[in-house]
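> As input, take target_12.cif (mmCIF, C-alpha atoms (C1' of nucleotides)):
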data_input
#
loop_
_atom_site.label_atom_id
_atom_site.label_comp_id
_atom_site.auth_asym_id
_atom_site.auth_seq_id
_atom_site.Cartn_x
_atom_site.Cartn_y
_atom_site.Cartn_z
CA MET A 1025 72.04 36.08 85.92
CA THR A 1026 73.57 34.76 89.09
CA ILE A 1027 73.98 38.22 90.66
CA GLU A 1028 70.80 40.20 91.23
CA GLN A 1029 70.99 43.68 89.72
CA PRO A 1030 71.80 46.09 92.56
CA ALA A 1031 69.59 49.12 93.01
CA LEU A 1032 71.12 52.43 91.93
CA THR A 1033 71.54 55.23 94.45
CA ALA A 1034 68.09 56.77 94.87
CA LEU A 1035 67.47 60.21 93.33
CA THR A 1036 64.68 62.71 93.86
CA PRO A 1037 62.81 63.65 90.66
CA ARG A 1038 64.66 66.96 90.46
CA ALA A 1039 68.01 65.24 90.95
CA ALA A 1040 67.12 62.83 88.16
CA GLU A 1041 66.40 65.79 85.89
CA ILE A 1042 69.81 67.19 86.69
CA VAL A 1043 71.47 63.88 85.89
CA THR A 1044 69.65 63.74 82.58
CA ALA A 1045 70.86 67.22 81.70
CA ALA A 1046 74.37 66.34 82.85
CA ARG A 1047 74.41 63.33 80.63
CA ALA A 1048 73.33 65.30 77.60
CA LEU A 1049 75.89 67.98 78.36
CA LEU A 1050 78.66 65.45 78.86
CA GLU A 1051 77.88 63.55 75.70
CA GLU A 1052 77.41 66.62 73.54
CA GLU A 1053 80.27 68.78 74.76
CA GLY A 1054 82.76 66.46 76.41
CA ARG A 1055 84.00 66.04 79.91
CA GLU A 1056 85.69 69.40 80.36
CA ALA A 1057 82.42 71.12 79.45
CA LEU A 1058 80.65 69.40 82.34
CA THR A 1059 80.94 72.20 84.86
CA MET A 1060 78.54 73.10 87.61
CA ARG A 1061 77.84 76.51 86.10
CA VAL A 1062 77.10 75.22 82.62
CA LEU A 1063 75.06 72.35 83.97
CA ALA A 1064 73.01 74.73 86.09
CA ASP A 1065 72.54 76.99 83.09
CA ARG A 1066 71.07 74.11 81.10
CA ILE A 1067 68.29 73.62 83.60
CA GLY A 1068 67.77 77.32 84.22
CA ILE A 1069 69.16 77.70 87.72
CA ARG A 1070 72.41 78.97 89.28
CA ALA A 1071 75.33 76.76 90.11
CA PRO A 1072 75.06 76.92 93.91
CA SER A 1073 71.49 75.63 93.73
CA LEU A 1074 72.82 72.32 92.43
CA TYR A 1075 74.21 71.72 95.90
CA LYS A 1076 70.66 71.44 97.21
CA HIS A 1077 70.45 68.19 95.24
CA PHE A 1078 73.98 66.78 95.23
CA PRO A 1079 76.73 67.10 97.82
CA ASP A 1080 79.35 67.92 95.21
CA LYS A 1081 80.22 67.54 91.55
CA GLU A 1082 81.47 64.03 92.09
CA GLY A 1083 78.00 63.17 93.33
CA VAL A 1084 76.62 64.04 89.90
CA GLU A 1085 79.38 62.07 88.23
CA VAL A 1086 78.70 59.06 90.43
CA ALA A 1087 75.06 59.10 89.36
CA LEU A 1088 76.17 59.24 85.73
CA ILE A 1089 78.64 56.40 86.18
CA GLU A 1090 76.04 54.25 87.90
CA ARG A 1091 73.69 54.70 84.99
CA GLY A 1092 76.47 53.88 82.56
CA LEU A 1093 77.36 50.71 84.44
CA ALA A 1094 73.74 49.63 84.69
CA GLU A 1095 73.18 50.13 80.97
CA MET A 1096 76.37 48.29 80.13
CA GLY A 1097 75.50 45.37 82.37
CA ALA A 1098 72.04 45.12 80.84
CA ALA A 1099 73.36 45.34 77.28
CA LEU A 1100 75.95 42.64 77.92
CA ARG A 1101 73.38 40.32 79.47
CA ALA A 1102 71.07 40.81 76.52
CA ALA A 1103 73.89 39.74 74.21
CA LEU A 1104 74.42 36.43 75.95
CA GLY A 1105 72.39 33.27 75.42
CA GLY A 1106 73.32 32.59 71.81
CA PRO A 1107 75.76 30.01 70.53
CA ASP A 1108 78.91 32.23 70.32
CA PRO A 1109 78.96 34.17 73.58
CA VAL A 1110 82.43 35.75 73.31
CA PRO A 1111 82.01 37.54 69.98
CA ALA A 1112 78.46 38.54 70.92
CA LEU A 1113 79.67 39.97 74.20
CA LEU A 1114 82.46 41.93 72.53
CA ARG A 1115 80.07 43.30 69.95
CA ALA A 1116 77.68 44.50 72.65
CA TYR A 1117 80.50 46.01 74.71
CA ARG A 1118 81.87 47.94 71.78
CA GLU A 1119 78.49 49.13 70.64
CA ARG A 1120 77.46 50.38 74.09
CA ALA A 1121 80.73 52.21 74.61
CA ARG A 1122 80.59 53.88 71.21
CA ALA A 1123 77.02 54.95 71.82
CA SER A 1124 78.15 57.04 74.82
CA PRO A 1125 81.89 57.53 74.50
CA ASN A 1126 82.16 60.41 76.91
CA LEU A 1127 80.20 58.59 79.56
CA TYR A 1128 82.39 55.56 79.01
CA ARG A 1129 85.48 57.68 79.43
CA LEU A 1130 84.13 59.33 82.54
CA SER A 1131 83.53 55.91 84.04
CA THR A 1132 86.94 54.54 83.22
CA ALA A 1133 89.50 57.34 83.13
CA GLY A 1134 91.40 57.22 86.38
CA PRO A 1135 90.42 55.48 89.57
CA LEU A 1136 86.70 55.00 90.12
CA PRO A 1137 85.09 56.69 93.13
CA ARG A 1138 84.24 53.10 94.00
CA HIS A 1139 83.27 53.74 97.61
CA ARG A 1140 80.46 56.01 96.43
CA LEU A 1141 79.04 53.61 93.88
CA ALA A 1142 76.05 51.41 94.65
CA PRO A 1143 77.66 48.32 96.16
CA GLY A 1144 77.85 45.34 93.86
CA LEU A 1145 77.03 47.34 90.75
CA GLU A 1146 80.51 47.14 89.32
CA ASP A 1147 80.67 43.37 89.83
CA TRP A 1148 77.23 43.01 88.32
CA ALA A 1149 78.25 44.94 85.20
CA GLY A 1150 81.38 42.81 84.76
CA GLU A 1151 79.78 39.46 85.46
CA PRO A 1152 78.81 38.74 81.84
CA PHE A 1153 82.49 38.28 81.05
CA PHE A 1154 82.53 35.45 83.52
CA LEU A 1155 79.27 34.08 82.17
CA ALA A 1156 80.73 34.07 78.66
CA THR A 1157 84.02 32.41 79.55
CA GLY A 1158 83.11 30.30 82.55
CA GLU A 1159 86.50 30.98 84.10
CA PRO A 1160 87.68 34.01 86.10
CA TYR A 1161 91.11 34.51 84.58
CA ALA A 1162 89.91 34.29 81.01
CA ALA A 1163 87.08 36.60 82.03
CA GLN A 1164 89.42 39.27 83.37
CA ALA A 1165 91.70 38.97 80.37
CA LEU A 1166 88.79 39.29 77.98
CA PHE A 1167 87.47 42.26 79.93
CA ALA A 1168 90.88 43.94 79.73
CA PHE A 1169 91.03 43.35 76.00
CA ALA A 1170 87.56 44.81 75.48
CA HIS A 1171 88.32 47.80 77.65
CA GLY A 1172 91.65 48.42 75.95
CA MET A 1173 90.12 48.20 72.50
CA VAL A 1174 87.28 50.56 73.35
CA VAL A 1175 89.49 53.12 75.02
CA MET A 1176 91.99 53.15 72.18
CA GLU A 1177 89.24 53.30 69.61
CA ILE A 1178 87.39 56.12 71.35
CA ASP A 1179 90.56 58.10 71.92
CA GLY A 1180 91.74 57.59 68.36
CA ARG A 1181 94.93 55.87 69.39
CA PHE A 1182 94.95 53.40 66.53
CA PRO A 1183 96.58 54.50 63.29
CA PRO A 1184 94.04 56.16 61.00
CA GLY A 1185 92.54 53.73 58.54
CA SER A 1186 92.95 50.71 60.78
CA ASP A 1187 90.41 47.98 60.14
CA LEU A 1188 89.24 47.73 63.71
CA ASP A 1189 86.54 45.19 62.91
CA ARG A 1190 89.35 42.82 62.06
CA THR A 1191 91.27 43.64 65.23
CA TRP A 1192 88.17 42.93 67.30
CA ALA A 1193 87.71 39.68 65.43
CA GLU A 1194 91.31 38.79 66.11
CA GLY A 1195 90.73 39.24 69.82
CA ALA A 1196 87.53 37.23 69.74
CA ARG A 1197 89.39 34.44 67.98
CA ALA A 1198 92.23 34.50 70.50
CA PHE A 1199 89.91 34.28 73.48
CA ALA A 1200 87.42 31.86 72.01
CA ALA A 1201 90.02 29.09 72.04
CA MET B 527 114.23 47.88 64.80
CA THR B 528 112.75 48.71 61.42
CA ILE B 529 111.70 52.23 62.42
CA GLU B 530 114.47 54.57 63.47
CA GLN B 531 113.82 56.16 66.87
CA PRO B 532 112.45 59.66 66.25
CA ALA B 533 114.13 62.55 68.03
CA LEU B 534 112.17 64.06 70.89
CA THR B 535 111.16 67.70 70.77
CA ALA B 536 114.29 69.69 71.66
CA LEU B 537 114.44 71.33 75.09
CA THR B 538 116.78 73.98 76.49
CA PRO B 539 118.66 72.92 79.63
CA ARG B 540 116.33 74.93 81.83
CA ALA B 541 113.27 73.42 80.16
CA ALA B 542 114.72 69.96 80.74
CA GLU B 543 115.10 70.81 84.44
CA ILE B 544 111.46 71.80 84.55
CA VAL B 545 110.40 68.57 82.90
CA THR B 546 112.44 66.59 85.41
CA ALA B 547 110.75 68.41 88.27
CA ALA B 548 107.36 67.94 86.64
CA ARG B 549 107.93 64.24 86.34
CA ALA B 550 108.90 63.90 89.99
CA LEU B 551 105.90 65.97 91.02
CA LEU B 552 103.53 63.97 88.83
CA GLU B 553 104.80 60.63 90.02
CA GLU B 554 104.92 61.58 93.69
CA GLU B 555 101.69 63.50 94.03
CA GLY B 556 99.48 62.46 91.14
CA ARG B 557 98.07 64.23 88.15
CA GLU B 558 95.88 66.74 89.91
CA ALA B 559 98.91 67.94 91.88
CA LEU B 560 100.71 68.84 88.68
CA THR B 561 99.79 72.54 88.57
CA MET B 562 101.83 75.38 87.21
CA ARG B 563 102.10 77.04 90.61
CA VAL B 564 103.26 73.94 92.45
CA LEU B 565 105.66 73.02 89.67
CA ALA B 566 107.15 76.51 89.73
CA ASP B 567 107.46 76.30 93.50
CA ARG B 568 109.49 73.12 93.22
CA ILE B 569 112.15 74.84 91.16
CA GLY B 570 112.01 78.07 93.12
CA ILE B 571 110.33 80.41 90.64
CA ARG B 572 106.82 81.80 90.13
CA ALA B 573 104.24 80.23 87.89
CA PRO B 574 104.23 82.86 85.13
CA SER B 575 107.97 82.38 84.62
CA LEU B 576 107.29 78.87 83.38
CA TYR B 577 105.79 80.45 80.30
CA LYS B 578 109.24 81.66 79.32
CA HIS B 579 110.12 78.00 78.70
CA PHE B 580 106.87 76.38 77.58
CA PRO B 581 103.95 77.85 75.67
CA ASP B 582 101.41 76.34 78.06
CA LYS B 583 100.84 73.55 80.53
CA GLU B 584 100.13 71.08 77.76
CA GLY B 585 103.60 71.81 76.46
CA VAL B 586 105.05 70.45 79.69
CA GLU B 587 102.75 67.46 79.51
CA VAL B 588 103.74 66.77 75.93
CA ALA B 589 107.40 66.68 76.97
CA LEU B 590 106.51 64.24 79.74
CA ILE B 591 104.50 62.04 77.40
CA GLU B 592 107.29 61.98 74.84
CA ARG B 593 109.73 60.78 77.48
CA GLY B 594 107.27 58.15 78.63
CA LEU B 595 106.76 56.89 75.10
CA ALA B 596 110.50 56.83 74.40
CA GLU B 597 111.19 54.86 77.56
CA MET B 598 108.39 52.46 76.82
CA GLY B 599 109.57 51.87 73.28
CA ALA B 600 113.12 51.24 74.47
CA ALA B 601 111.99 48.87 77.22
CA LEU B 602 109.83 46.89 74.82
CA ARG B 603 112.63 46.57 72.29
CA ALA B 604 115.00 45.40 74.97
CA ALA B 605 112.53 42.65 75.86
CA LEU B 606 112.43 41.23 72.35
CA GLY B 607 114.96 38.87 70.82
CA GLY B 608 114.36 35.88 73.06
CA PRO B 609 112.46 32.73 72.19
CA ASP B 610 109.02 33.73 73.59
CA PRO B 611 108.45 37.29 72.39
CA VAL B 612 104.81 37.72 73.41
CA PRO B 613 105.14 36.95 77.13
CA ALA B 614 108.42 38.87 77.29
CA LEU B 615 106.79 41.89 75.66
CA LEU B 616 103.85 41.79 78.04
CA ARG B 617 106.15 41.50 81.04
CA ALA B 618 108.14 44.54 79.92
CA TYR B 619 105.00 46.55 79.18
CA ARG B 620 103.53 45.85 82.58
CA GLU B 621 106.74 46.55 84.41
CA ARG B 622 107.34 49.85 82.66
CA ALA B 623 103.80 51.05 83.29
CA ARG B 624 103.88 50.11 86.94
CA ALA B 625 107.20 51.85 87.41
CA SER B 626 105.58 55.19 86.45
CA PRO B 627 101.85 54.75 86.77
CA ASN B 628 100.97 58.42 86.83
CA LEU B 629 103.03 59.10 83.75
CA TYR B 630 101.37 56.14 82.07
CA ARG B 631 97.96 57.50 82.95
CA LEU B 632 98.86 60.96 81.76
CA SER B 633 99.89 59.50 78.42
CA THR B 634 96.78 57.42 77.95
CA ALA B 635 93.81 59.01 79.71
CA GLY B 636 91.76 60.73 77.08
CA PRO B 637 92.80 61.70 73.59
CA LEU B 638 96.50 62.30 73.06
CA PRO B 639 97.65 65.76 71.97
CA ARG B 640 98.99 63.83 69.00
CA HIS B 641 99.62 66.82 66.76
CA ARG B 642 102.10 68.18 69.31
CA LEU B 643 104.04 64.94 69.75
CA ALA B 644 107.30 64.28 67.92
CA PRO B 645 106.11 62.73 64.65
CA GLY B 646 106.54 58.99 64.43
CA LEU B 647 107.24 58.57 68.12
CA GLU B 648 103.93 56.92 68.88
CA ASP B 649 104.33 54.45 66.03
CA TRP B 650 107.88 53.72 67.13
CA ALA B 651 106.76 52.97 70.68
CA GLY B 652 104.04 50.63 69.44
CA GLU B 653 106.10 48.84 66.82
CA PRO B 654 107.39 46.10 69.15
CA PHE B 655 103.88 44.65 69.24
CA PHE B 656 104.13 44.16 65.51
CA LEU B 657 107.64 42.79 65.83
CA ALA B 658 106.43 40.26 68.39
CA THR B 659 103.39 39.09 66.45
CA GLY B 660 104.45 39.65 62.86
CA GLU B 661 100.90 40.61 61.94
CA PRO B 662 99.16 43.96 62.32
CA TYR B 663 95.78 42.80 63.59
CA ALA B 664 97.21 40.50 66.22
CA ALA B 665 99.60 43.32 67.13
CA GLN B 666 96.76 45.79 67.72
CA ALA B 667 94.74 43.25 69.66
CA LEU B 668 97.69 42.40 71.85
CA PHE B 669 98.41 46.08 72.39
CA ALA B 670 94.82 46.65 73.43
CA PHE B 671 94.98 43.74 75.85
CA ALA B 672 98.20 45.04 77.41
CA HIS B 673 96.84 48.56 77.69
CA GLY B 674 93.56 47.40 79.17
CA MET B 675 95.31 45.22 81.72
CA VAL B 676 97.68 47.96 82.80
CA VAL B 677 95.00 50.59 83.07
CA MET B 678 92.70 48.37 85.09
CA GLU B 679 95.54 47.23 87.31
CA ILE B 680 96.81 50.76 87.93
CA ASP B 681 93.33 52.09 88.61
CA GLY B 682 92.46 49.20 90.90
CA ARG B 683 89.51 48.10 88.81
CA PHE B 684 90.05 44.40 89.33
CA PRO B 685 88.45 42.84 92.42
CA PRO B 686 90.82 42.95 95.37
CA GLY B 687 92.84 39.79 95.73
CA SER B 688 92.79 38.98 92.02
CA ASP B 689 95.77 36.93 90.90
CA LEU B 690 96.77 39.26 88.10
CA ASP B 691 99.86 37.30 87.19
CA ARG B 692 97.53 34.55 86.13
CA THR B 693 95.33 36.90 84.15
CA TRP B 694 98.37 38.23 82.30
CA ALA B 695 99.45 34.66 81.63
CA GLU B 696 95.98 33.87 80.31
CA GLY B 697 96.28 36.74 77.84
CA ALA B 698 99.75 35.68 76.79
CA ARG B 699 98.45 32.17 76.19
CA ALA B 700 95.50 33.42 74.15
CA PHE B 701 97.64 35.58 71.90
CA ALA B 702 100.57 33.20 71.59
CA ALA B 703 98.46 30.75 69.61
"C1'" DT C 990 43.06 80.47 109.72
"C1'" DT C 991 47.30 81.22 111.31
"C1'" DG C 992 52.08 79.90 112.19
"C1'" DC C 993 56.00 77.64 110.88
"C1'" DA C 994 59.45 74.46 109.06
"C1'" DC C 995 61.56 73.34 105.09
"C1'" DA C 996 62.63 72.84 100.19
"C1'" DG C 997 64.77 75.10 96.73
"C1'" DG C 998 65.92 79.01 94.67
"C1'" DC C 999 69.17 83.37 94.90
"C1'" DT C 1000 73.68 86.68 95.37
"C1'" DA C 1001 78.25 87.41 97.04
"C1'" DA C 1002 82.41 85.70 97.83
"C1'" DC C 1003 86.66 82.61 98.61
"C1'" DG C 1004 90.66 80.20 97.15
"C1'" DG C 1005 92.79 77.79 93.37
"C1'" DC C 1006 93.46 77.13 88.49
"C1'" DG C 1007 95.78 78.45 83.71
"C1'" DT C 1008 97.23 82.36 81.58
"C1'" DT C 1009 98.44 87.36 80.01
"C1'" DA C 1010 100.36 92.02 80.40
"C1'" DG C 1011 103.85 94.59 81.54
"C1'" DC C 1012 107.92 95.72 84.33
"C1'" DT C 1013 112.94 94.89 85.51
"C1'" DA C 1014 117.54 93.07 86.13
"C1'" DT C 1015 121.25 90.66 84.29
"C1'" DC C 1016 124.34 89.38 80.68
"C1'" DG C 1017 126.74 88.66 76.26
"C1'" DT C 1018 127.88 91.07 72.10
"C1'" DG C 1019 128.50 95.16 68.72
"C1'" DC D 714 129.48 101.67 76.59
"C1'" DA D 715 125.00 100.80 74.58
"C1'" DC D 716 121.67 97.45 73.47
"C1'" DG D 717 118.81 93.53 72.68
"C1'" DA D 718 117.67 89.13 74.51
"C1'" DT D 719 116.78 86.14 78.41
"C1'" DA D 720 114.44 85.11 82.36
"C1'" DG D 721 112.81 86.46 86.38
"C1'" DC D 722 108.91 89.29 88.89
"C1'" DT D 723 103.90 91.30 90.40
"C1'" DA D 724 99.18 92.19 89.35
"C1'" DA D 725 95.34 90.76 87.41
"C1'" DC D 726 91.62 88.30 84.49
"C1'" DG D 727 88.20 84.83 83.87
"C1'" DC D 728 87.15 80.31 84.90
"C1'" DC D 729 86.48 76.51 88.33
"C1'" DG D 730 84.22 74.08 92.64
"C1'" DT D 731 82.31 75.37 96.70
"C1'" DT D 732 80.36 77.90 101.03
"C1'" DA D 733 77.66 81.27 103.64
"C1'" DG D 734 73.72 83.43 104.18
"C1'" DC D 735 69.33 85.22 102.55
"C1'" DC D 736 64.48 84.89 100.75
"C1'" DT D 737 60.22 83.01 99.12
"C1'" DG D 738 56.75 79.75 98.32
"C1'" DT D 739 54.36 75.48 99.80
"C1'" DG D 740 52.18 72.33 102.85
"C1'" DC D 741 51.18 70.71 107.31
"C1'" DA D 742 49.88 71.34 112.35
"C1'" DA D 743 47.76 73.79 115.97
#
Render the structure in this file as structure tokens.


Amino acid sequence: MTIEQPALTALTPRAAEIVTAARALLEEEGREALTMRVLADRIGIRAPSLYKHFPDKEGVEVALIERGLAEMGAALRAALGGPDPVPALLRAYRERARASPNLYRLSTAGPLPRHRLAPGLEDWAGEPFFLATGEPYAAQALFAFAHGMVVMEIDGRFPPGSDLDRTWAEGARAFAA
Amino acid sequence: MTIEQPALTALTPRAAEIVTAARALLEEEGREALTMRVLADRIGIRAPSLYKHFPDKEGVEVALIERGLAEMGAALRAALGGPDPVPALLRAYRERARASPNLYRLSTAGPLPRHRLAPGLEDWAGEPFFLATGEPYAAQALFAFAHGMVVMEIDGRFPPGSDLDRTWAEGARAFAA
DNA sequence: TTGCACAGGCTAACGGCGTTAGCTATCGTG
DNA sequence: CACGATAGCTAACGCCGTTAGCCTGTGCAA
């Protein structure tokens, strides 16, 4: 709660509609299905018309990523305040990511278009890790663990049948000390 | 050393040349520069001729990923055997990933084409985490930490000026206990 | 009321992508 | 000497993001 939530990049009502459709398309069909032509189709216009509302495809993606970061930051903050902040934080992180796996992947696969993001938003979304640990190095390490777990879980990189609840608990135990 | 190293998918000499060129191209110019036309150019042929040696672009990528996994598995094994296996393993993991960041990203961004990979190779590459911890849940958690750290470091997702050596050490400390 | 700027649609098209079809030259083997 | 396989080639298809240029409706100013 030390950082004020930064405002997201402003969108016209029509642009917001497009972002909503893009999000549904991304989540339902995956990242490679998020094309300008298909997106335009979903809202009943032609692809070039999208460029009246966004400068390029990355502009749409940036809006999506901002919304993902804002939701994540809010969810993590809501999880804090109880007696066991680290497990609560990890639970919230995992839950949020699994609720929108394709948006999570979009936000984290490859380098972020950081210079186009609302300034401070990324720090704001990550701050709960510091709030939970009270120490920057533990915070970054915990963040890396959470991110690694989510990415490997979402991408199915753990052997089938793994008891991931237990692996998460193992991480919470390691970092709670 | 409990799992035998699986053999990589066999390649003809010419196919191996192509993979070598693809690796150089990927590492020098990044993933989006790895196109069939540019790759063909590098070895002095036309793009369609590549299809005489690989069924599709993913076939080339699979060969690259297999080599990345084999090198990683070998590097991790070489790091074991000393008195402090967890920090040594993490050091080797980080070093290997940073030596070929684009190959690392290729292997880990999004779902793996697992069904096309040499069977057992992925398990073999990950086994050192089990060897270092002696316990499957700690092994998976440590793996996730290492992967998350590497990905965030490679993609520049930590705040500039972060002392990542210390963050790595913090993770090693947490998981050594 | 008329004139006009502009917002937001449209079609056509460009260059780049992965990929396929089909042709051809070279080479080792019967 | 014939022949099949290998490995190159060109042309082209359908997709992608994106640009240029056109048109039409709406709302405000003279």

> Just how far from CA of Arg622 (chain B) is CA of Ala1121 (chain A), in Å to one decimal?

27.9 Å

> Specify as an mmCIF file with C-alpha atoms, keeping the file's coordinate frame all residues of chain B found within 6 Å of chain A, counting only C-alpha atoms.


data_model
loop_
_atom_site.group_PDB
_atom_site.id
_atom_site.type_symbol
_atom_site.label_atom_id
_atom_site.label_comp_id
_atom_site.auth_asym_id
_atom_site.auth_seq_id
_atom_site.Cartn_x
_atom_site.Cartn_y
_atom_site.Cartn_z
ATOM 1 C CA ALA B 635 93.810 59.010 79.710
ATOM 2 C CA GLY B 636 91.760 60.730 77.080
ATOM 3 C CA PRO B 637 92.800 61.700 73.590
ATOM 4 C CA TYR B 663 95.780 42.800 63.590
ATOM 5 C CA ALA B 667 94.740 43.250 69.660
ATOM 6 C CA ALA B 670 94.820 46.650 73.430
ATOM 7 C CA PHE B 671 94.980 43.740 75.850
ATOM 8 C CA HIS B 673 96.840 48.560 77.690
ATOM 9 C CA GLY B 674 93.560 47.400 79.170
ATOM 10 C CA MET B 675 95.310 45.220 81.720
ATOM 11 C CA ASP B 681 93.330 52.090 88.610
ATOM 12 C CA THR B 693 95.330 36.900 84.150
ATOM 13 C CA GLY B 697 96.280 36.740 77.840
ATOM 14 C CA ALA B 700 95.500 33.420 74.150
ATOM 15 C CA PHE B 701 97.640 35.580 71.900
#

> Expand the PyMOL selection byres ((chain A) within 9 of (chain D)) into the individual residues it matches in the shown file, reporting them as an mmCIF file with C-alpha atoms, in the frame of the given file.


data_model
loop_
_atom_site.group_PDB
_atom_site.id
_atom_site.type_symbol
_atom_site.label_atom_id
_atom_site.label_comp_id
_atom_site.auth_asym_id
_atom_site.auth_seq_id
_atom_site.Cartn_x
_atom_site.Cartn_y
_atom_site.Cartn_z
ATOM 1 C CA THR A 1059 80.940 72.200 84.860
ATOM 2 C CA MET A 1060 78.540 73.100 87.610
ATOM 3 C CA ARG A 1061 77.840 76.510 86.100
ATOM 4 C CA PRO A 1072 75.060 76.920 93.910
ATOM 5 C CA TYR A 1075 74.210 71.720 95.900
ATOM 6 C CA ASP A 1080 79.350 67.920 95.210
ATOM 7 C CA LYS A 1081 80.220 67.540 91.550
#

> With distances taken over only C-alpha atoms (C1' of nucleotides), which of B:Gly556, B:Gly660, B:Pro539, B:Pro581 is nearest to chain C?

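Ranking B:Gly556, B:Gly660, B:Pro539, B:Pro581 by distance to chain C, first place goes to B:Pro581.
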
> Could you check which of B:Leu657, B:Ile571, B:Leu576, B:Leu534 is closest to chain C, using all atoms listed in the file?

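So, comparing all the options, the nearest one is B:Leu576.
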
> What does the structure give for the distance between CA of Leu643 (chain B) and C1' of DT1009 (chain C), in Å to one decimal?

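Value for the CA of Leu643 (chain B)-C1' of DT1009 (chain C) distance: 25.3 Å.
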
> Around (105.6, 58.5, 84.1), as given in the file, which residues come within 7 Å? Count all atoms listed in the file and list them as a list in words.

Arg549, Glu553, Gly594, Ser626, Pro627, Asn628, Leu629 and Tyr630 of chain B

> Could you state which residues are captured by the PyMOL selection byres ((chain C) within 9 of (chain B)) in this file, as a list of chain:residue names?

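When the PyMOL selection byres ((chain C) within 9 of (chain B)) is applied to the shown file, the picked residues are C:DC1006, C:DG1007, C:DT1008, C:DT1009.
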
> Just say which residues the PyMOL selection byres ((chain B and resi 651) around 9) picks in this file, as a ChimeraX atom specification.

/B:531,595-600,602-603,646-650,652-655

> Enter the distance from CA of Leu1088 (chain A) to CA of Val1043 (chain A), in Å, rounded to one decimal.

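For CA of Leu1088 (chain A) relative to CA of Val1043 (chain A), the distance reads 6.6 Å.
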